[in-house]
Amino acid sequence: MEIDALRQRLKEIVGQDFVLSSNVDLMLYGYDAYLEMRRPDVVVIPENTEQVSQVVRLAYEEAVPVTARGSATSLSGGPVPLKGGIVIHFSRMNRILEIDVVNKRARVEPGVITLDLQTAVAKKGLQYAPDPASQKTSTMGGNVGENSGGPHCLKYGVTTNHIMGLKIVLYDGEVVDTGGKAPDRPGYDLTGLLVGSEGTLGIVTEITVRLIEQPEAIKTLLGIFETIEDASNTVSAIIAEGIVPATLEMMDRLVIRAVEESVHAGYPQDAEAVLIIELDGLKDGMERIADRIIEICLANKVREVKVAKDETERNILWTGRRGAFGAVSRLRPNYMVCDGTVPRTKLPEVLRRVTEIGREYNLPIGNVFHAGDGNLHPLILFDCRNEEETARVREAGTKILRLCVDAGGTISGEHGIGLEKLHEMSFIFSPDDIAALWKLKNAFDPVGGFNPGKVLPSLAS
Amino acid sequence: MDIKLLHGILNPQMVASDTATLTRFSVDGLVPEAVVYPANLSQVSEVIKLANREKWAVTPWGSGTKIGIGGAPKRLDLVLCAARLDKIIDIDVANLTVTAQAGVKLGDLQDLLGGAENRCFFPLEGDLKSQADYMCSARDYKGVFLPLDPPFPDKATLGGIIATNSTGPKRLRYGMPRDLILGVRYVSPTGEIIGMGGKTVKNVSGYDVSKIMIGSLGTLGIIGDITLRLLPLPEQIATILASFKELTAATAFAKRVLNSKLLPTSLEVLNRDGYSLSSSSDLRPSIGGWYVAVGLEGFSEEVKREIIDLKDMAHFEKAIDVVELGRDSTIVFWKNLANCALTLPKDGATMVKFKAGFLISNFPEVLEAWTNILSNDFCALTASAGLGLACAYIMVKTDTDIESAVRLGKAFRETVKIYGGNMVVEFAPATLKQKLDQWGSPQADFVLMRRIKDSVDPLNVLNPGRFLGGI
């Protein structure tokens with residue numbers, strides 16, 4: 001079918017105003033927070049599941065690729081339409097369909113902004129635990145696609161631990177529900193497989209999530225360290241102690257300075273590292289655990305431990321962490337974030353080697369990451385207009401991922417493979433493993449129409 | 001079946017075909033032609049490749065505690081027993097992870113973990129020069145544990161627990177296998193050794209394959225080894241038992257607990273027969289019609305405060321009696337409940353267990369409806385308030401017993417459907433399963449399950465016919 005005819009058919013499905021095809025539009029919907037850019041042939045903005053189903057059926061009949069897109073905060077190229085085709089944008093499917101307080105469930109459309117859901121359920125005394133740093137912008141559909149993490153995942157688990165069911169459109173436009181509000185539906189855990197599949201298995205049009213009670217008490221501490229090694233030793237020591245805080249977040253000097261210049265969170269600019277430690281739960285016993293954590297910090301040569309006295313002080317500490325990526329992006333035109341993850345005891349060693357890699361490639365690297373999960377986020381700063389520098393960045397990034405794998409870790413903790421880490425998949429998967437993944441892909445999407453070119457490297461390579 | 005083919009790839013002591021062994025490994029009355037005991041994943045892989053060439057049907061077997069789950073096999077040539085896959089590969093206390101083979105028994109693993117003391121680690125591996133470079137925790141109590149409490153905790157194997165998605169009351173606080181699994185190595189239905197995930201607590205590299213292995217009843221692969229998250233042993237454990245005259249009071253108490261800030265480990269509502277499963281004499285069974293058991297684990301200050309609050313709440317809801325179980329009684333109480341389906345039946349009787357999942361808020365309605373359709377015989381009901389799960393245990397001996405159990409099961413299933421749920425037959429003699437579908441009817445997403453199975457097991461070698469919809 002000619003592209004104009006395709007656009008016309010799409011207009012018949014979603015309406016004249018919700019099919020975009022100008023040059024500017026196609027450019028705007030062709031990139032995310034990673035480095036690559038590809039233009040789609042057309043962008044559609046459906047209003048409901050039925051429209052998505054019709055769009056997908058048309059795409060199937062015409063053998064056109066389909067890529068789902070939320071707010072495109074993805075860091076691995078997830079929503080980039082690598083083979084062109086149709087981009088389905090979910091900005092109109094942004095309704096919170098139901099907040100069921102007694103059953104502690106919510107049903108949302110994929111275009112709902114993560115923070116909007118959190119705000120809505122907080123009013124009812126509940127919380128949706130996953131809290132990716134991009135929650136102000138990111139969508140629930142995107143969170144499901146990438147199995148997003150966040151600072152509070154140390155205690156509460158990542159997105160997949162909170163997804164109870166999905167409505168999905170299959171490759172031929174058929175619509176099915178997986179899981180649901182009730183537990184333990186017999187059969188394979190399709191929901192568990194779909195979460196984190198980066199839009200390559202199906203298009204999610206409705207999400208059922210689990211909500212939990214807000215904790216009775218929260219205590220937030222900020223540890224200020226003279227060396228990054230002291231801070232990372234503290235992280236390992238807290239976990240080894242058997243304390244599982246709600247969060248253990250680390251930032252190094254480069255990030256601290258960037259944050260202070262942009263959002264003023266009150267981190268000392270001469271510190272080499274800060275650690276945000278948060279406890280939550282029952283108020284009983286919390287003082288004693290906090291004291292024990294302070295002792296561990298002191299044993300690891302902390303300069304000072306600040307304790308947030310109230311909600312305002314707590315919010316200020318968190319503003320710095322949440323604004324860190326944005327703050328760092330002011331330093332140089334681009335940054336690349338590596339999402340390598342290691343067993344938590346390997347953190348000190350791996351961080352030291354990351355610093356060495358920065359020196360070796362002559363690139364500034366900042367660290368802001370989920371230390372308690374062993375999930376690193378080295379931010380390599382550069383200018384993508386400098387091709388030679390960009391090449392060095394890619395090489396250093398690969399080397400950091402290799403380092404994580406060698407330490408018993410993996411190449412992505414929460415940002416996904418996308419098109420960024422296809423090559424590095426071979427670091428952790430054998431050809432048989434990859435073939436096993438392809439069998440699952442083929443069971444869901446035998447024609448390969450959903451987000452082609454992502455997650456799975458081709459079998460030949 | 002040509003047994004010689006098996007001898008070609010395994011030592012003689014790893015292959016059994018004597019009548020006694022074969023009978024012991026029969027599945028729903030179907031007797032295999034051979035039982036194999038491979039000792040590593042390469043041997044499992046060889047066996048499965050052979051099964052594909054010879055078109056044998058293979059049923060994996062841990063310790064057999066849950067072999068009754070699922071439909072009768074369509075075919076059964078070979079049982080693959082995990083008894084020799086019993087090695088604990090790695091206990092990393094400082095990282096709070098364990099990696100163990102599928103045949104490891106949960107009880108053995110918990111014993112080992114509970115005494116695990118070494119929480120030392122290397123801060124900078126390359127720089128380690130002296131003992132002083134070790135980092136060690138000064139925690140004054142030792143031990144970690146795997147926060148799973150499925151039925152038959154002493155006998156059940158890790159592989160079996162994962163393959164059947166087996167959970168217990170503590171799931172309320174700690175989650176289920178899908179929340180704890182970090183990695184799995186398995187042999188695919190076509191014989192390849194596949195590894196996914198590892199020792200990191202976060203991982204989104206490739207599809208989350210471990211999720212569909214959980215609860216797939218061995219139809220998608222033979223689980224080899226598993227990496228799971230651990231938690232430090234709690235400082236304090238206790239249980240609050242409360243008895244009530246009426247169901248409405250018991251459920252009102254349970255709801256009050258759920259709507260509080262308290263963080264109980266488990267919250268079970270039991271009828272009188274259900275309470276008797278625990279063989280507990282702490283509360284006299286005659287004094288109440290309904291019971292609520294609240295498990296508590298945590299720091300000592302937390303548990304102390306929870307006990308005070310729970311007692312207040314129970315009295316507010318007009319509990320007849322409230323008692324507090326200490327550490328030892330708590331362990332016994334929950335263990336008896338977990339083992340009841342094996343320990344209670346006497347004189348040739350068998351336990352039948354139905355398990356239902358439904359909307360969390362409907363546990364009072366489900367319990368009430370189930371109670372109303374009960375006959376006068378023994379029928380233990382237990383509901384996990386806060387999870388939307390309920391179990392019914394019935395003792396059967398004669399054909400008449402089985403007929404009435406089938407009627408009850410059908411009626412239970414109809415009730416649960418009203419509350420958005422489903423019911424499976426988890427434990428039953430083969431004669432009952434012929435009359436009552438184990439899984440209930442598949443729904444629209446079954447089309448995907450069928451395609452997955454066909455894609456990974458084209459010759460239908462693994463556990464044919466046992467899973468939902470005849471997979």
# chains A, B, ... in the order shown; residues from 1 in each chain; ligands from 1
>>> interface_residues(of="chain B", to="chain A", cutoff="7 Å", atoms="only C-alpha atoms", output="PDB file with N, CA and C atoms, in the first residue's frame")
ATOM      1  N   VAL B  93      25.908 -14.637  51.563  1.00  0.00           N
ATOM      2  CA  VAL B  93      25.169 -13.970  52.645  1.00  0.00           C
ATOM      3  C   VAL B  93      25.263 -12.451  52.522  1.00  0.00           C
ATOM      4  N   ALA B  94      26.445 -11.969  52.163  1.00  0.00           N
ATOM      5  CA  ALA B  94      26.624 -10.524  52.095  1.00  0.00           C
ATOM      6  C   ALA B  94      25.811  -9.907  50.957  1.00  0.00           C
ATOM      7  N   ASN B  95      25.592 -10.672  49.887  1.00  0.00           N
ATOM      8  CA  ASN B  95      24.803 -10.180  48.755  1.00  0.00           C
ATOM      9  C   ASN B  95      23.325 -10.569  48.885  1.00  0.00           C
ATOM     10  N   ARG B 119      29.329 -13.220  56.950  1.00  0.00           N
ATOM     11  CA  ARG B 119      28.843 -12.060  56.208  1.00  0.00           C
ATOM     12  C   ARG B 119      30.007 -11.129  55.860  1.00  0.00           C
ATOM     13  N   PHE B 121      33.001  -9.873  53.231  1.00  0.00           N
ATOM     14  CA  PHE B 121      33.209  -9.781  51.786  1.00  0.00           C
ATOM     15  C   PHE B 121      34.459  -8.965  51.515  1.00  0.00           C
ATOM     16  N   PRO B 123      36.277  -5.885  50.070  1.00  0.00           N
ATOM     17  CA  PRO B 123      35.959  -4.547  49.588  1.00  0.00           C
ATOM     18  C   PRO B 123      36.599  -4.279  48.221  1.00  0.00           C
ATOM     19  N   LEU B 124      37.825  -4.608  48.089  1.00  0.00           N
ATOM     20  CA  LEU B 124      38.542  -4.369  46.839  1.00  0.00           C
ATOM     21  C   LEU B 124      39.307  -5.640  46.523  1.00  0.00           C
ATOM     22  N   GLU B 125      38.698  -6.466  45.684  1.00  0.00           N
ATOM     23  CA  GLU B 125      39.223  -7.811  45.525  1.00  0.00           C
ATOM     24  C   GLU B 125      40.695  -7.832  45.148  1.00  0.00           C
ATOM     25  N   SER B 137      30.477  -7.817  58.962  1.00  0.00           N
ATOM     26  CA  SER B 137      29.413  -7.208  59.738  1.00  0.00           C
ATOM     27  C   SER B 137      29.545  -7.624  61.196  1.00  0.00           C
ATOM     28  N   ARG B 139      26.962  -7.781  63.201  1.00  0.00           N
ATOM     29  CA  ARG B 139      25.605  -8.094  63.643  1.00  0.00           C
ATOM     30  C   ARG B 139      25.638  -9.195  64.697  1.00  0.00           C
ATOM     31  N   ASP B 179       8.566 -13.031  42.818  1.00  0.00           N
ATOM     32  CA  ASP B 179       9.170 -11.848  43.425  1.00  0.00           C
ATOM     33  C   ASP B 179      10.575 -12.117  43.962  1.00  0.00           C
ATOM     34  N   GLU B 192      18.449 -28.049  24.879  1.00  0.00           N
ATOM     35  CA  GLU B 192      19.528 -27.068  25.052  1.00  0.00           C
ATOM     36  C   GLU B 192      19.576 -26.596  26.506  1.00  0.00           C
ATOM     37  N   ILE B 194      19.827 -23.649  28.863  1.00  0.00           N
ATOM     38  CA  ILE B 194      19.540 -22.218  28.729  1.00  0.00           C
ATOM     39  C   ILE B 194      19.753 -21.541  30.078  1.00  0.00           C
ATOM     40  N   GLY B 195      20.445 -20.392  30.077  1.00  0.00           N
ATOM     41  CA  GLY B 195      20.657 -19.650  31.318  1.00  0.00           C
ATOM     42  C   GLY B 195      20.088 -18.252  31.203  1.00  0.00           C
ATOM     43  N   LYS B 199      22.985 -13.203  39.652  1.00  0.00           N
ATOM     44  CA  LYS B 199      23.052 -12.811  41.058  1.00  0.00           C
ATOM     45  C   LYS B 199      22.721 -11.343  41.308  1.00  0.00           C
ATOM     46  N   THR B 200      22.315 -10.625  40.283  1.00  0.00           N
ATOM     47  CA  THR B 200      21.955  -9.225  40.519  1.00  0.00           C
ATOM     48  C   THR B 200      20.476  -9.133  40.856  1.00  0.00           C
ATOM     49  N   VAL B 201      20.126  -8.175  41.713  1.00  0.00           N
ATOM     50  CA  VAL B 201      18.732  -8.080  42.133  1.00  0.00           C
ATOM     51  C   VAL B 201      17.880  -7.345  41.102  1.00  0.00           C
ATOM     52  N   LYS B 202      18.511  -6.700  40.132  1.00  0.00           N
ATOM     53  CA  LYS B 202      17.753  -6.094  39.039  1.00  0.00           C
ATOM     54  C   LYS B 202      18.338  -6.585  37.722  1.00  0.00           C
ATOM     55  N   ASN B 203      17.457  -6.802  36.753  1.00  0.00           N
ATOM     56  CA  ASN B 203      17.933  -7.338  35.493  1.00  0.00           C
ATOM     57  C   ASN B 203      16.840  -7.202  34.444  1.00  0.00           C
ATOM     58  N   VAL B 204      17.071  -6.398  33.428  1.00  0.00           N
ATOM     59  CA  VAL B 204      16.097  -6.348  32.329  1.00  0.00           C
ATOM     60  C   VAL B 204      16.797  -6.618  31.002  1.00  0.00           C
ATOM     61  N   SER B 205      17.701  -7.589  31.025  1.00  0.00           N
ATOM     62  CA  SER B 205      18.437  -7.908  29.816  1.00  0.00           C
ATOM     63  C   SER B 205      17.760  -9.095  29.144  1.00  0.00           C
ATOM     64  N   GLY B 206      17.053  -8.850  28.055  1.00  0.00           N
ATOM     65  CA  GLY B 206      16.312  -9.926  27.392  1.00  0.00           C
ATOM     66  C   GLY B 206      14.991 -10.150  28.103  1.00  0.00           C
ATOM     67  N   TYR B 207      14.193 -11.092  27.592  1.00  0.00           N
ATOM     68  CA  TYR B 207      12.892 -11.340  28.220  1.00  0.00           C
ATOM     69  C   TYR B 207      13.072 -11.997  29.578  1.00  0.00           C
ATOM     70  N   ASP B 208      12.069 -11.768  30.454  1.00  0.00           N
ATOM     71  CA  ASP B 208      12.114 -12.287  31.814  1.00  0.00           C
ATOM     72  C   ASP B 208      11.592 -13.738  31.808  1.00  0.00           C
ATOM     73  N   VAL B 209      12.412 -14.637  31.267  1.00  0.00           N
ATOM     74  CA  VAL B 209      11.983 -16.014  31.019  1.00  0.00           C
ATOM     75  C   VAL B 209      11.672 -16.763  32.319  1.00  0.00           C
ATOM     76  N   LYS B 211      10.026 -15.912  34.695  1.00  0.00           N
ATOM     77  CA  LYS B 211       8.626 -15.742  35.084  1.00  0.00           C
ATOM     78  C   LYS B 211       7.741 -16.848  34.486  1.00  0.00           C
ATOM     79  N   ILE B 212       7.936 -17.185  33.196  1.00  0.00           N
ATOM     80  CA  ILE B 212       7.041 -18.214  32.653  1.00  0.00           C
ATOM     81  C   ILE B 212       7.477 -19.620  33.042  1.00  0.00           C
ATOM     82  N   GLY B 215       5.563 -21.982  37.782  1.00  0.00           N
ATOM     83  CA  GLY B 215       4.181 -22.453  37.659  1.00  0.00           C
ATOM     84  C   GLY B 215       3.866 -23.138  36.346  1.00  0.00           C
ATOM     85  N   SER B 216       4.889 -23.423  35.525  1.00  0.00           N
ATOM     86  CA  SER B 216       4.609 -24.025  34.215  1.00  0.00           C
ATOM     87  C   SER B 216       4.606 -25.547  34.284  1.00  0.00           C
ATOM     88  N   PRO B 232      17.640 -11.473  55.812  1.00  0.00           N
ATOM     89  CA  PRO B 232      18.189 -11.819  57.123  1.00  0.00           C
ATOM     90  C   PRO B 232      17.094 -12.420  57.996  1.00  0.00           C
ATOM     91  N   LYS B 261      -1.669   0.005  59.719  1.00  0.00           N
ATOM     92  CA  LYS B 261      -0.300   0.152  59.210  1.00  0.00           C
ATOM     93  C   LYS B 261       0.564  -1.060  59.564  1.00  0.00           C
ATOM     94  N   PHE B 299      11.836  -6.732  63.632  1.00  0.00           N
ATOM     95  CA  PHE B 299      12.640  -6.268  64.749  1.00  0.00           C
ATOM     96  C   PHE B 299      11.796  -6.382  66.023  1.00  0.00           C
ATOM     97  N   GLU B 301      11.118  -4.526  68.535  1.00  0.00           N
ATOM     98  CA  GLU B 301      10.199  -3.426  68.869  1.00  0.00           C
ATOM     99  C   GLU B 301       8.931  -3.503  68.026  1.00  0.00           C
ATOM    100  N   GLU B 302       9.111  -3.838  66.729  1.00  0.00           N
ATOM    101  CA  GLU B 302       7.955  -3.935  65.828  1.00  0.00           C
ATOM    102  C   GLU B 302       6.988  -5.012  66.301  1.00  0.00           C
ATOM    103  N   GLY B 357      -8.330 -18.536  43.940  1.00  0.00           N
ATOM    104  CA  GLY B 357      -7.877 -17.146  43.970  1.00  0.00           C
ATOM    105  C   GLY B 357      -9.038 -16.269  43.530  1.00  0.00           C
ATOM    106  N   PHE B 358      -9.235 -15.147  44.192  1.00  0.00           N
ATOM    107  CA  PHE B 358     -10.387 -14.277  43.893  1.00  0.00           C
ATOM    108  C   PHE B 358     -10.043 -12.875  44.362  1.00  0.00           C
ATOM    109  N   LEU B 359     -10.957 -11.935  44.181  1.00  0.00           N
ATOM    110  CA  LEU B 359     -10.705 -10.564  44.612  1.00  0.00           C
ATOM    111  C   LEU B 359     -10.462 -10.521  46.121  1.00  0.00           C
ATOM    112  N   ILE B 360      -9.424  -9.831  46.520  1.00  0.00           N
ATOM    113  CA  ILE B 360      -9.003  -9.786  47.925  1.00  0.00           C
ATOM    114  C   ILE B 360     -10.170  -9.448  48.855  1.00  0.00           C
ATOM    115  N   SER B 361     -10.961  -8.465  48.450  1.00  0.00           N
ATOM    116  CA  SER B 361     -11.993  -7.952  49.357  1.00  0.00           C
ATOM    117  C   SER B 361     -13.106  -8.974  49.581  1.00  0.00           C
ATOM    118  N   GLY B 388      -6.412 -12.808  48.812  1.00  0.00           N
ATOM    119  CA  GLY B 388      -7.478 -13.291  47.930  1.00  0.00           C
ATOM    120  C   GLY B 388      -7.309 -14.754  47.585  1.00  0.00           C
ATOM    121  N   GLY B 420     -14.789 -13.050  40.684  1.00  0.00           N
ATOM    122  CA  GLY B 420     -13.687 -12.767  39.759  1.00  0.00           C
ATOM    123  C   GLY B 420     -12.558 -13.763  39.840  1.00  0.00           C
ATOM    124  N   GLY B 421     -12.835 -14.953  40.332  1.00  0.00           N
ATOM    125  CA  GLY B 421     -11.722 -15.856  40.589  1.00  0.00           C
ATOM    126  C   GLY B 421     -11.758 -17.171  39.850  1.00  0.00           C
ATOM    127  N   ASN B 422     -10.959 -18.085  40.336  1.00  0.00           N
ATOM    128  CA  ASN B 422     -10.797 -19.395  39.721  1.00  0.00           C
ATOM    129  C   ASN B 422     -10.433 -20.368  40.818  1.00  0.00           C
ATOM    130  N   TRP B 439      -7.938 -27.534  36.362  1.00  0.00           N
ATOM    131  CA  TRP B 439      -7.549 -26.135  36.153  1.00  0.00           C
ATOM    132  C   TRP B 439      -8.718 -25.196  35.909  1.00  0.00           C
ATOM    133  N   ALA B 444      -9.219 -16.312  26.960  1.00  0.00           N
ATOM    134  CA  ALA B 444      -8.755 -15.900  25.623  1.00  0.00           C
ATOM    135  C   ALA B 444      -7.236 -15.929  25.483  1.00  0.00           C
ATOM    136  N   ASP B 445      -6.506 -15.638  26.585  1.00  0.00           N
ATOM    137  CA  ASP B 445      -5.044 -15.592  26.464  1.00  0.00           C
ATOM    138  C   ASP B 445      -4.435 -16.989  26.322  1.00  0.00           C
ATOM    139  N   LEU B 448      -2.090 -17.727  23.427  1.00  0.00           N
ATOM    140  CA  LEU B 448      -0.656 -17.428  23.539  1.00  0.00           C
ATOM    141  C   LEU B 448       0.094 -18.565  24.230  1.00  0.00           C
ATOM    142  N   MET B 449      -0.552 -19.141  25.245  1.00  0.00           N
ATOM    143  CA  MET B 449       0.101 -20.238  25.981  1.00  0.00           C
ATOM    144  C   MET B 449       0.331 -21.425  25.037  1.00  0.00           C
ATOM    145  N   ARG B 451       0.644 -21.305  21.811  1.00  0.00           N
ATOM    146  CA  ARG B 451       1.691 -20.976  20.837  1.00  0.00           C
ATOM    147  C   ARG B 451       3.085 -21.064  21.474  1.00  0.00           C
ATOM    148  N   ILE B 452       3.181 -20.644  22.736  1.00  0.00           N
ATOM    149  CA  ILE B 452       4.479 -20.726  23.422  1.00  0.00           C
ATOM    150  C   ILE B 452       4.899 -22.194  23.539  1.00  0.00           C
ATOM    151  N   SER B 455       5.881 -23.617  20.288  1.00  0.00           N
ATOM    152  CA  SER B 455       7.121 -23.040  19.786  1.00  0.00           C
ATOM    153  C   SER B 455       8.349 -23.655  20.462  1.00  0.00           C
ATOM    154  N   VAL B 456       8.263 -23.919  21.766  1.00  0.00           N
ATOM    155  CA  VAL B 456       9.457 -24.407  22.459  1.00  0.00           C
ATOM    156  C   VAL B 456       9.496 -25.940  22.561  1.00  0.00           C
ATOM    157  N   LEU B 468      -2.832 -26.605  31.966  1.00  0.00           N
ATOM    158  CA  LEU B 468      -4.077 -25.951  31.577  1.00  0.00           C
ATOM    159  C   LEU B 468      -4.430 -26.227  30.110  1.00  0.00           C
TER     160      LEU B 468
END
>>> residues_around(residues="segment 68-81 of chain A", least_positions_apart="2", cutoff="7 Å", atoms="only C-alpha atoms", output="MDAnalysis selection string")
chainID A and resid 30:34 36:40 66 83:84 87:91 111 137:139 141:142 198:199 203 415:420 451
>>> write_last_selection(atoms="N, CA and C atoms", output="JSON list (two decimals), in the first residue's frame")
[["chain", "number", "residue", "atom", "x", "y", "z"],
["A", 30, "GLY", "N", 10.77, 10.44, 16.32],
["A", 30, "GLY", "CA", 11.76, 9.48, 15.85],
["A", 30, "GLY", "C", 12.91, 9.24, 16.81],
["A", 31, "TYR", "N", 12.86, 9.84, 18.01],
["A", 31, "TYR", "CA", 13.98, 9.63, 18.92],
["A", 31, "TYR", "C", 13.52, 9.55, 20.37],
["A", 32, "ASP", "N", 14.41, 9.09, 21.24],
["A", 32, "ASP", "CA", 14.13, 9.08, 22.68],
["A", 32, "ASP", "C", 15.32, 9.69, 23.40],
["A", 33, "ALA", "N", 15.65, 9.23, 24.60],
["A", 33, "ALA", "CA", 16.76, 9.81, 25.34],
["A", 33, "ALA", "C", 18.08, 9.09, 25.04],
["A", 34, "TYR", "N", 18.07, 8.18, 24.07],
["A", 34, "TYR", "CA", 19.32, 7.57, 23.61],
["A", 34, "TYR", "C", 19.81, 8.36, 22.40],
["A", 36, "GLU", "N", 20.19, 7.44, 19.00],
["A", 36, "GLU", "CA", 19.78, 7.17, 17.62],
["A", 36, "GLU", "C", 18.48, 7.89, 17.26],
["A", 37, "MET", "N", 18.29, 8.08, 15.96],
["A", 37, "MET", "CA", 17.05, 8.70, 15.49],
["A", 37, "MET", "C", 16.65, 8.04, 14.18],
["A", 38, "ARG", "N", 15.40, 7.63, 14.05],
["A", 38, "ARG", "CA", 14.85, 7.10, 12.79],
["A", 38, "ARG", "C", 13.45, 7.64, 12.64],
["A", 39, "ARG", "N", 13.11, 8.04, 11.43],
["A", 39, "ARG", "CA", 11.77, 8.58, 11.22],
["A", 39, "ARG", "C", 10.74, 7.49, 11.01],
["A", 40, "PRO", "N", 9.60, 7.60, 11.65],
["A", 40, "PRO", "CA", 8.50, 6.70, 11.29],
["A", 40, "PRO", "C", 7.88, 7.20, 9.98],
["A", 66, "VAL", "N", 5.16, -1.74, 13.66],
["A", 66, "VAL", "CA", 4.46, -0.90, 14.64],
["A", 66, "VAL", "C", 5.35, -0.74, 15.87],
["A", 83, "LYS", "N", 12.73, 0.52, 11.86],
["A", 83, "LYS", "CA", 12.40, 0.17, 10.48],
["A", 83, "LYS", "C", 11.28, 1.04, 9.94],
["A", 84, "GLY", "N", 11.10, 2.24, 10.51],
["A", 84, "GLY", "CA", 10.03, 3.12, 10.06],
["A", 84, "GLY", "C", 8.67, 2.57, 10.44],
["A", 87, "VAL", "N", 4.19, 4.66, 14.26],
["A", 87, "VAL", "CA", 4.40, 4.86, 15.69],
["A", 87, "VAL", "C", 3.04, 5.10, 16.33],
["A", 88, "ILE", "N", 2.72, 4.31, 17.35],
["A", 88, "ILE", "CA", 1.47, 4.55, 18.10],
["A", 88, "ILE", "C", 1.83, 5.33, 19.35],
["A", 89, "HIS", "N", 1.30, 6.53, 19.43],
["A", 89, "HIS", "CA", 1.61, 7.40, 20.57],
["A", 89, "HIS", "C", 0.41, 7.37, 21.52],
["A", 90, "PHE", "N", 0.69, 7.23, 22.83],
["A", 90, "PHE", "CA", -0.39, 6.95, 23.77],
["A", 90, "PHE", "C", -0.87, 8.15, 24.57],
["A", 91, "SER", "N", -0.57, 9.36, 24.09],
["A", 91, "SER", "CA", -0.90, 10.54, 24.90],
["A", 91, "SER", "C", -2.39, 10.71, 25.14],
["A", 111, "GLY", "N", -0.94, 5.51, 28.69],
["A", 111, "GLY", "CA", -0.42, 6.87, 28.59],
["A", 111, "GLY", "C", -0.44, 7.65, 29.89],
["A", 137, "THR", "N", 7.55, 12.47, 33.94],
["A", 137, "THR", "CA", 7.33, 12.48, 32.49],
["A", 137, "THR", "C", 6.97, 11.10, 31.97],
["A", 138, "SER", "N", 7.57, 10.05, 32.55],
["A", 138, "SER", "CA", 7.43, 8.72, 31.96],
["A", 138, "SER", "C", 6.00, 8.21, 32.08],
["A", 139, "THR", "N", 5.62, 7.30, 31.18],
["A", 139, "THR", "CA", 4.27, 6.75, 31.21],
["A", 139, "THR", "C", 4.27, 5.35, 31.80],
["A", 141, "GLY", "N", 2.80, 2.81, 30.51],
["A", 141, "GLY", "CA", 3.06, 1.88, 29.41],
["A", 141, "GLY", "C", 4.55, 1.70, 29.18],
["A", 142, "GLY", "N", 5.27, 2.82, 29.21],
["A", 142, "GLY", "CA", 6.73, 2.76, 29.06],
["A", 142, "GLY", "C", 7.37, 2.02, 30.21],
["A", 198, "GLU", "N", 9.75, -4.64, 26.06],
["A", 198, "GLU", "CA", 10.05, -3.47, 25.24],
["A", 198, "GLU", "C", 9.17, -3.36, 24.00],
["A", 199, "GLY", "N", 7.93, -3.74, 24.13],
["A", 199, "GLY", "CA", 7.00, -3.57, 23.01],
["A", 199, "GLY", "C", 7.25, -4.51, 21.85],
["A", 203, "ILE", "N", 1.17, -5.00, 22.15],
["A", 203, "ILE", "CA", 0.97, -3.59, 22.52],
["A", 203, "ILE", "C", 0.03, -3.56, 23.71],
["A", 415, "HIS", "N", 17.04, -0.08, 32.34],
["A", 415, "HIS", "CA", 16.80, 0.77, 31.17],
["A", 415, "HIS", "C", 16.48, -0.03, 29.91],
["A", 416, "GLY", "N", 16.74, -1.30, 29.94],
["A", 416, "GLY", "CA", 16.41, -2.14, 28.79],
["A", 416, "GLY", "C", 17.56, -2.26, 27.79],
["A", 417, "ILE", "N", 17.37, -3.17, 26.86],
["A", 417, "ILE", "CA", 18.37, -3.43, 25.82],
["A", 417, "ILE", "C", 18.15, -2.50, 24.64],
["A", 418, "GLY", "N", 16.89, -2.36, 24.22],
["A", 418, "GLY", "CA", 16.56, -1.48, 23.11],
["A", 418, "GLY", "C", 17.40, -1.80, 21.90],
["A", 419, "LEU", "N", 17.95, -0.75, 21.29],
["A", 419, "LEU", "CA", 18.88, -1.01, 20.21],
["A", 419, "LEU", "C", 20.29, -0.70, 20.68],
["A", 420, "GLU", "N", 20.38, -0.15, 21.89],
["A", 420, "GLU", "CA", 21.68, 0.27, 22.42],
["A", 420, "GLU", "C", 22.60, -0.92, 22.71],
["A", 451, "ASN", "N", 7.96, -3.50, 17.00],
["A", 451, "ASN", "CA", 9.25, -2.90, 17.37],
["A", 451, "ASN", "C", 10.45, -3.69, 16.85]]
>>> closest_residue(among="A:Arg107, A:Lys123, A:Arg92, A:Lys155", to="Thr247 of chain A", atoms="only C-alpha atoms")
A:Lys155
>>> select_by_dssp(residues="segment 140-282 of chain A", states="strand (DSSP E)", output="VMD selection string")
chain A and resid 163 to 169 175 to 179 203 to 210 212 to 213 217 to 225 247 to 252 273 to 281
>>> residues_around(residues="Val52 of chain A", least_positions_apart="4", cutoff="8 Å", atoms="only C-alpha atoms", output="number ranges by chain")
A: 46-48, 56, 88, 169, 173, 205
>>> residues_around(residues="Arg9 of chain A", least_positions_apart="3", cutoff="12 Å", atoms="only C-alpha atoms", output="ChimeraX atom specification")
/A:1-6,12-16,19,42,44,51,54-59,62
>>> select_by_dssp(residues="segment 330-378 of chain A", states="helix (DSSP H, G or I)", output="ChimeraX atom specification")
/A:344-360,371-373
